[in-house]
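So this block is data.txt, compact mmCIF, C-alpha atoms:
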```txt
# COMPACT_ATOMS: atom_id res chain seq x y z
CA MET A 24 44.97 -136.43 139.49
CA SER A 25 47.50 -137.14 142.16
CA SER A 26 49.77 -134.34 143.30
CA GLN A 27 52.65 -136.73 142.63
CA SER A 28 51.63 -137.71 139.09
CA PRO A 29 51.61 -135.67 135.89
CA LEU A 30 48.35 -134.46 134.41
CA HIS A 31 47.01 -137.18 132.07
CA VAL A 32 45.83 -135.67 128.78
CA LEU A 33 44.18 -137.59 125.94
CA ILE A 34 44.20 -135.87 122.54
CA LEU A 35 41.53 -136.76 119.98
CA GLU A 36 42.72 -135.21 116.70
CA ASP A 37 42.64 -136.68 113.18
CA ASP A 38 45.34 -134.40 111.74
CA ASP A 39 48.37 -136.68 112.06
CA LEU A 40 50.92 -133.91 111.62
CA LEU A 41 49.34 -131.57 114.16
CA ARG A 42 48.71 -134.39 116.63
CA ASP A 43 52.00 -136.30 116.48
CA ARG A 44 54.50 -133.61 115.52
CA VAL A 45 53.14 -130.59 117.39
CA LEU A 46 50.63 -131.25 120.17
CA VAL A 47 52.00 -134.47 121.68
CA PRO A 48 55.73 -133.59 121.85
CA HIS A 49 55.19 -129.98 122.91
CA LEU A 50 52.72 -130.81 125.68
CA ARG A 51 55.09 -133.50 126.95
CA GLN A 52 57.76 -130.79 127.24
CA PHE A 53 55.41 -129.03 129.68
CA GLY A 54 55.21 -132.10 131.92
CA PHE A 55 51.93 -133.65 130.77
CA HIS A 56 51.42 -137.39 130.35
CA VAL A 57 49.99 -137.35 126.82
CA GLU A 58 48.23 -140.03 124.80
CA ALA A 59 46.70 -139.45 121.37
CA ILE A 60 44.14 -141.05 119.08
CA GLY A 61 42.75 -140.07 115.70
CA ARG A 62 39.19 -141.38 115.69
CA ALA A 63 36.22 -141.17 118.06
CA SER A 64 35.75 -144.93 117.75
CA GLU A 65 39.00 -145.39 119.70
CA LEU A 66 37.77 -143.33 122.64
CA ASP A 67 35.85 -145.96 124.61
CA ALA A 68 38.95 -148.13 124.95
CA ARG A 69 40.78 -145.17 126.54
CA LEU A 70 38.09 -144.37 129.10
CA HIS A 71 38.91 -147.26 131.42
CA GLN A 72 41.04 -146.78 134.53
CA PRO A 73 43.18 -144.88 134.75
CA LEU A 74 40.93 -142.24 133.24
CA PRO A 75 42.53 -139.25 131.57
CA ASP A 76 42.14 -136.03 133.52
CA ILE A 77 41.36 -134.02 130.39
CA VAL A 78 40.39 -134.83 126.80
CA VAL A 79 41.43 -132.36 124.10
CA LEU A 80 39.25 -132.94 121.05
CA ASP A 81 38.72 -131.63 117.56
CA ILE A 82 35.22 -131.02 116.20
CA GLY A 83 35.78 -132.13 112.61
CA LEU A 84 36.49 -135.81 113.23
CA PRO A 85 36.20 -138.36 110.41
CA ASP A 86 33.77 -140.73 112.14
CA LEU A 87 31.77 -138.62 114.61
CA ASP A 88 30.97 -134.97 115.23
CA GLY A 89 33.09 -133.52 118.03
CA PHE A 90 30.06 -131.87 119.64
CA GLU A 91 28.46 -135.29 119.99
CA VAL A 92 31.70 -136.67 121.43
CA ALA A 93 31.70 -133.93 124.07
CA ARG A 94 28.08 -134.63 124.95
CA MET A 95 28.75 -138.37 125.27
CA LEU A 96 31.88 -137.78 127.35
CA ARG A 97 30.08 -135.49 129.75
CA ALA A 98 27.28 -138.02 130.18
CA LYS A 99 29.66 -140.95 130.77
CA VAL A 100 32.30 -139.28 132.94
CA ALA A 101 30.93 -136.15 134.55
CA GLU A 102 34.21 -135.24 136.27
CA ILE A 103 36.44 -135.34 133.19
CA GLY A 104 37.84 -132.14 131.70
CA ILE A 105 36.99 -131.37 128.07
CA VAL A 106 38.86 -128.86 125.91
CA MET A 107 37.72 -128.32 122.32
CA LEU A 108 40.52 -127.42 119.90
CA THR A 109 39.17 -126.62 116.47
CA ALA A 110 39.47 -124.47 113.37
CA ARG A 111 35.86 -123.36 113.82
CA ALA A 112 36.37 -120.05 115.57
CA GLU A 113 32.94 -118.51 115.00
CA PRO A 114 31.10 -117.50 118.21
CA HIS A 115 28.08 -119.75 117.58
CA TYR A 116 30.37 -122.80 117.42
CA GLN A 117 32.02 -121.72 120.66
CA VAL A 118 28.64 -121.30 122.36
CA ARG A 119 27.54 -124.72 121.12
CA GLY A 120 30.76 -126.38 122.29
CA LEU A 121 30.47 -124.95 125.79
CA SER A 122 26.77 -125.85 125.87
CA GLU A 123 27.56 -129.45 124.91
CA GLY A 124 29.83 -129.82 127.91
CA ALA A 125 33.25 -128.44 126.99
CA ASP A 126 35.11 -126.62 129.77
CA ALA A 127 37.14 -124.55 127.30
CA TYR A 128 37.02 -123.81 123.58
CA LEU A 129 40.22 -122.86 121.73
CA ALA A 130 40.62 -121.99 118.05
CA LYS A 131 43.40 -123.27 115.80
CA PRO A 132 46.14 -122.35 115.34
CA VAL A 133 46.68 -122.29 119.08
CA ASP A 134 49.70 -121.02 120.99
CA ILE A 135 51.06 -124.07 122.84
CA ASP A 136 51.72 -121.91 125.91
CA VAL A 137 48.05 -120.91 125.96
CA LEU A 138 46.88 -124.50 125.50
CA ALA A 139 49.15 -125.73 128.30
CA ALA A 140 48.02 -122.92 130.61
CA THR A 141 44.39 -123.76 129.81
CA LEU A 142 44.99 -127.40 130.75
CA TYR A 143 46.63 -126.48 134.05
CA SER A 144 43.90 -123.95 134.82
CA LEU A 145 41.21 -126.52 134.12
CA ALA A 146 43.01 -129.08 136.30
CA ARG A 147 43.00 -126.60 139.16
CA ARG A 148 39.25 -126.14 138.79
CA LEU A 149 38.68 -129.89 138.68
CA HIS A 150 40.92 -130.49 141.70
CA PRO A 151 40.80 -127.28 143.77
CA ALA A 152 43.26 -126.69 146.57
CA SER A 153 41.96 -126.36 150.09
CA PRO A 154 41.62 -122.71 151.25
CA ALA A 155 44.34 -123.23 153.83
CA SER A 156 46.84 -124.20 151.13
CA ILE A 157 46.25 -121.20 148.86
CA ASP A 158 49.30 -118.94 148.60
CA HIS A 159 48.73 -115.41 147.30
CA SER A 160 52.18 -114.94 145.78
CA TRP A 161 54.01 -116.01 142.64
CA ARG A 162 54.79 -119.72 143.03
CA LEU A 163 55.42 -122.96 141.18
CA GLY A 164 52.66 -125.54 140.81
CA ALA A 165 52.05 -128.93 139.20
CA GLU A 166 55.38 -130.28 140.47
CA GLY A 167 57.15 -127.24 138.99
CA TRP A 168 55.58 -127.45 135.53
CA CYS A 169 53.64 -124.20 135.82
CA LEU A 170 54.05 -120.75 137.32
CA LEU A 171 51.07 -119.52 139.33
CA SER A 172 50.28 -115.84 139.70
CA PRO A 173 49.11 -114.40 143.03
CA GLU A 174 45.54 -114.87 141.71
CA GLY A 175 46.23 -118.52 140.90
CA GLN A 176 46.40 -118.12 137.11
CA PRO A 177 48.82 -120.62 135.54
CA VAL A 178 51.59 -120.19 132.99
CA ALA A 179 52.99 -123.48 131.69
CA LEU A 180 56.77 -123.81 131.98
CA SER A 181 59.44 -125.84 130.27
CA GLN A 182 61.83 -127.75 132.50
CA LEU A 183 64.55 -125.16 131.91
CA GLU A 184 62.24 -122.26 132.80
CA SER A 185 61.18 -124.06 135.96
CA ARG A 186 64.78 -124.64 137.02
CA LEU A 187 65.59 -120.96 136.58
CA LEU A 188 62.58 -119.76 138.55
CA ALA A 189 62.87 -122.18 141.47
CA PRO A 190 65.67 -120.37 143.38
CA LEU A 191 64.10 -116.98 142.66
CA ILE A 192 60.70 -118.03 143.99
CA GLU A 193 62.26 -119.73 147.01
CA ASN A 194 64.10 -116.47 147.83
CA PRO A 195 61.70 -113.60 147.08
CA ASN A 196 63.05 -110.04 147.22
CA ARG A 197 66.57 -111.39 147.36
CA VAL A 198 69.10 -110.99 144.56
CA ILE A 199 70.17 -114.34 143.14
CA SER A 200 73.54 -114.14 141.45
CA ARG A 201 73.96 -114.89 137.78
CA GLU A 202 76.36 -117.69 138.71
CA ALA A 203 73.77 -119.35 140.98
CA LEU A 204 71.11 -119.12 138.28
CA ILE A 205 73.43 -120.57 135.66
CA GLN A 206 74.16 -123.46 138.03
CA ALA A 207 70.41 -124.02 138.32
CA VAL A 208 69.92 -124.44 134.58
CA THR A 209 73.05 -126.33 133.49
CA THR A 210 75.55 -128.88 134.76
CA ASN A 211 78.30 -127.49 132.53
CA ILE A 212 78.64 -123.93 133.80
CA HIS A 213 81.98 -123.30 132.10
CA ALA A 214 80.60 -123.97 128.62
CA TYR A 215 77.38 -122.02 129.22
CA ASP A 216 77.02 -118.71 127.37
CA PRO A 217 75.84 -116.18 130.02
CA HIS A 218 73.79 -114.38 127.37
CA ARG A 219 71.51 -117.42 127.24
CA LEU A 220 70.45 -116.63 130.81
CA ASP A 221 69.22 -113.19 129.77
CA THR A 222 67.43 -114.69 126.77
CA LEU A 223 65.67 -117.19 129.03
CA VAL A 224 64.56 -114.47 131.44
CA HIS A 225 63.28 -112.39 128.52
CA ARG A 226 61.34 -115.41 127.22
CA ILE A 227 59.68 -116.00 130.60
CA ARG A 228 58.68 -112.35 130.98
CA LYS A 229 57.27 -112.32 127.45
CA LYS A 230 55.35 -115.55 128.06
CA VAL A 231 53.76 -114.28 131.29
CA MET A 232 52.68 -111.08 129.57
CA ARG A 233 51.26 -113.00 126.60
CA VAL A 234 49.37 -115.57 128.66
CA LEU A 235 48.25 -113.47 131.65
CA GLY A 236 48.44 -109.93 130.29
CA THR A 237 50.37 -108.78 133.35
CA PRO A 238 54.07 -108.00 133.95
CA PHE A 239 56.16 -110.58 135.78
CA PRO A 240 58.18 -108.82 138.53
CA LEU A 241 61.50 -110.48 137.69
CA ASN A 242 64.03 -107.66 137.66
CA ALA A 243 67.67 -107.49 136.66
CA VAL A 244 70.18 -106.11 139.14
CA PRO A 245 73.12 -104.83 137.03
CA GLY A 246 76.39 -106.54 137.78
CA GLN A 247 74.78 -108.97 140.23
CA GLY A 248 71.89 -111.07 139.00
CA TYR A 249 68.09 -111.14 139.20
CA VAL A 250 65.46 -110.64 141.89
CA LEU A 251 61.80 -111.64 142.01
CA VAL A 252 59.95 -108.80 143.73
CA PHE A 253 57.07 -109.75 146.03
CA HIS A 254 54.96 -107.03 147.60
```
Written form, structure tokens:
Amino acid sequence: MSSQSPLHVLILEDDDLLRDRVLVPHLRQFGFHVEAIGRASELDARLHQPLPDIVVLDIGLPDLDGFEVARMLRAKVAEIGIVMLTARAEPHYQVRGLSEGADAYLAKPVDIDVLAATLYSLARRLHPASPASIDHSWRLGAEGWCLLSPEGQPVALSQLESRLLAPLIENPNRVISREALIQAVTTNIHAYDPHRLDTLVHRIRKKVMRVLGTPFPLNAVPGQGYVLVFH
């Protein structure tokens, strides 16, 4: 995965509605380059250069067991990321999936934010940053498509969320005015409802808490704007 190119994700899922109406469009909104197929027999044709960075696969496929697919993938392309996404949530299935070569095992229905964060987290493990480049503060990663905690845990962002956070992260411990933040998220500032800014901030805080289980230190300054507090 190049630092200048989006993460390439291949989805192997036979549920047309879930694959084409939910997973593909939503993951594209988080900045992934997404391709999708419905049968294991189509996989070999997709494993030529450029290889996908990560394959997201179901277990209950119509033509081949997903556990076998994971085992074959791991044998053919050792460096590829494998995420199992399945309705089989029982622990023994999870243990088997991880034993067969999956890097992560998620149960359906899955929160798209959690799936996207899992993909970015796996990408960071597959392509680790050099120690000199590690920054122990809140920051944007993946060309702005994810928020990284001081511990390096990712939270996937929409383009709008990324635009809002960019000036705050670039100016830690400094109040950014509401007007400046509105300018960051829209080109038509006069038609923009200021309450939407507060809703967006609330959504980001809620997402960080849901995905990471920790508060995001983005604080309102009454009558002025918002500040991202770094310690």
Residues of stretch 125-228 of chain A that have any atom at most 12 Å from an atom of stretch 71-88 of chain A: could you tabulate them with the shortest-distance atom pair and the distance in Å to one decimal, using all atoms listed in the file, ordered by chain and increasing number, as JSON lines?
```
{"residue": "A:Ala125", "atom": "CA", "partner": "A:Val79", "partner_atom": "CA", "distance": 9.5}
{"residue": "A:Asp126", "atom": "CA", "partner": "A:Ile77", "partner_atom": "CA", "distance": 9.7}
{"residue": "A:Ala127", "atom": "CA", "partner": "A:Val79", "partner_atom": "CA", "distance": 9.5}
{"residue": "A:Tyr128", "atom": "CA", "partner": "A:Val79", "partner_atom": "CA", "distance": 9.6}
{"residue": "A:Leu129", "atom": "CA", "partner": "A:Asp81", "partner_atom": "CA", "distance": 9.8}
{"residue": "A:Ala130", "atom": "CA", "partner": "A:Asp81", "partner_atom": "CA", "distance": 9.8}
{"residue": "A:Lys131", "atom": "CA", "partner": "A:Asp81", "partner_atom": "CA", "distance": 9.7}
{"residue": "A:Leu138", "atom": "CA", "partner": "A:Val79", "partner_atom": "CA", "distance": 9.7}
{"residue": "A:Ala139", "atom": "CA", "partner": "A:Val79", "partner_atom": "CA", "distance": 11.0}
{"residue": "A:Thr141", "atom": "CA", "partner": "A:Ile77", "partner_atom": "CA", "distance": 10.7}
{"residue": "A:Leu142", "atom": "CA", "partner": "A:Ile77", "partner_atom": "CA", "distance": 7.6}
{"residue": "A:Tyr143", "atom": "CA", "partner": "A:Ile77", "partner_atom": "CA", "distance": 9.9}
{"residue": "A:Ser144", "atom": "CA", "partner": "A:Ile77", "partner_atom": "CA", "distance": 11.3}
{"residue": "A:Leu145", "atom": "CA", "partner": "A:Ile77", "partner_atom": "CA", "distance": 8.4}
{"residue": "A:Ala146", "atom": "CA", "partner": "A:Asp76", "partner_atom": "CA", "distance": 7.5}
{"residue": "A:Arg147", "atom": "CA", "partner": "A:Asp76", "partner_atom": "CA", "distance": 11.0}
{"residue": "A:Arg148", "atom": "CA", "partner": "A:Asp76", "partner_atom": "CA", "distance": 11.6}
{"residue": "A:Leu149", "atom": "CA", "partner": "A:Asp76", "partner_atom": "CA", "distance": 8.7}
{"residue": "A:His150", "atom": "CA", "partner": "A:Asp76", "partner_atom": "CA", "distance": 10.0}
```
Given all atoms listed in the file as the counted atoms, nearest of A:Leu46, A:Ala101, A:Leu183, A:Ile212 to A:Pro132:
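Among the listed residues, A:Leu46 lies closest to A:Pro132.
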Straight-line distance linking atom CA of A:Asn194 with atom CA of A:Phe253, stated in Å to one decimal:
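Atom CA of A:Phe253 lies 9.9 Å from atom CA of A:Asn194.
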Just how far from atom CA of A:Glu123 is atom CA of A:Ala93, in Å to one decimal?
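We find that atom CA of A:Ala93 and atom CA of A:Glu123 lie 6.2 Å from each other.
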Looking at A:Ile199, A:Ala112, A:Ile103, A:Ala189, which one is nearest to A:Gly248, with distances taken over all atoms listed in the file?
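When distances to A:Gly248 are compared using all atoms listed in the file, the smallest one comes from A:Ile199.
A straight line drawn from atom CA of A:Leu70 to atom CA of A:Val100 is 8.6 Å long.
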Name the closest residue to A:Glu36 among the candidates A:Gly61, A:Gly164, A:Pro217, A:Pro114; distances are taken between atoms, counting only C-alpha atoms.
A:Gly61
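With only C-alpha atoms as the atoms that count, the minimum distance from A:Ile135 to the choices A:Lys229, A:Arg42, A:Arg119, A:His49 is reached by A:His49.
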Find, counting all atoms listed in the file, the residue in A:Val57, A:Leu235, A:Gln206, A:Arg51 that gets nearest to A:Leu35.
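Among A:Val57, A:Leu235, A:Gln206, A:Arg51, it is A:Val57 that comes nearest to A:Leu35.
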Write out as a PyMOL selection string the residues lying within 8 Å of A:Asn196, counting only C-alpha atoms and excluding same-chain residues fewer than 3 positions away.
chain A and resi 250-253
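The shortest atom-to-atom distance to A:Leu170, with all atoms listed in the file taken into account, belongs to A:Val231 out of A:Leu121, A:Ala110, A:Val231, A:Val32.
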Quick one: residues within 10 Å of A:Thr209, all atoms listed in the file counted, chain neighbours fewer than 4 positions away excluded, as a list of chain:residue names?
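Using all atoms listed in the file, the neighbours found are A:Leu183, A:Arg186, A:Leu187, A:Leu204, A:Ile205, A:His213, A:Ala214, A:Tyr215.
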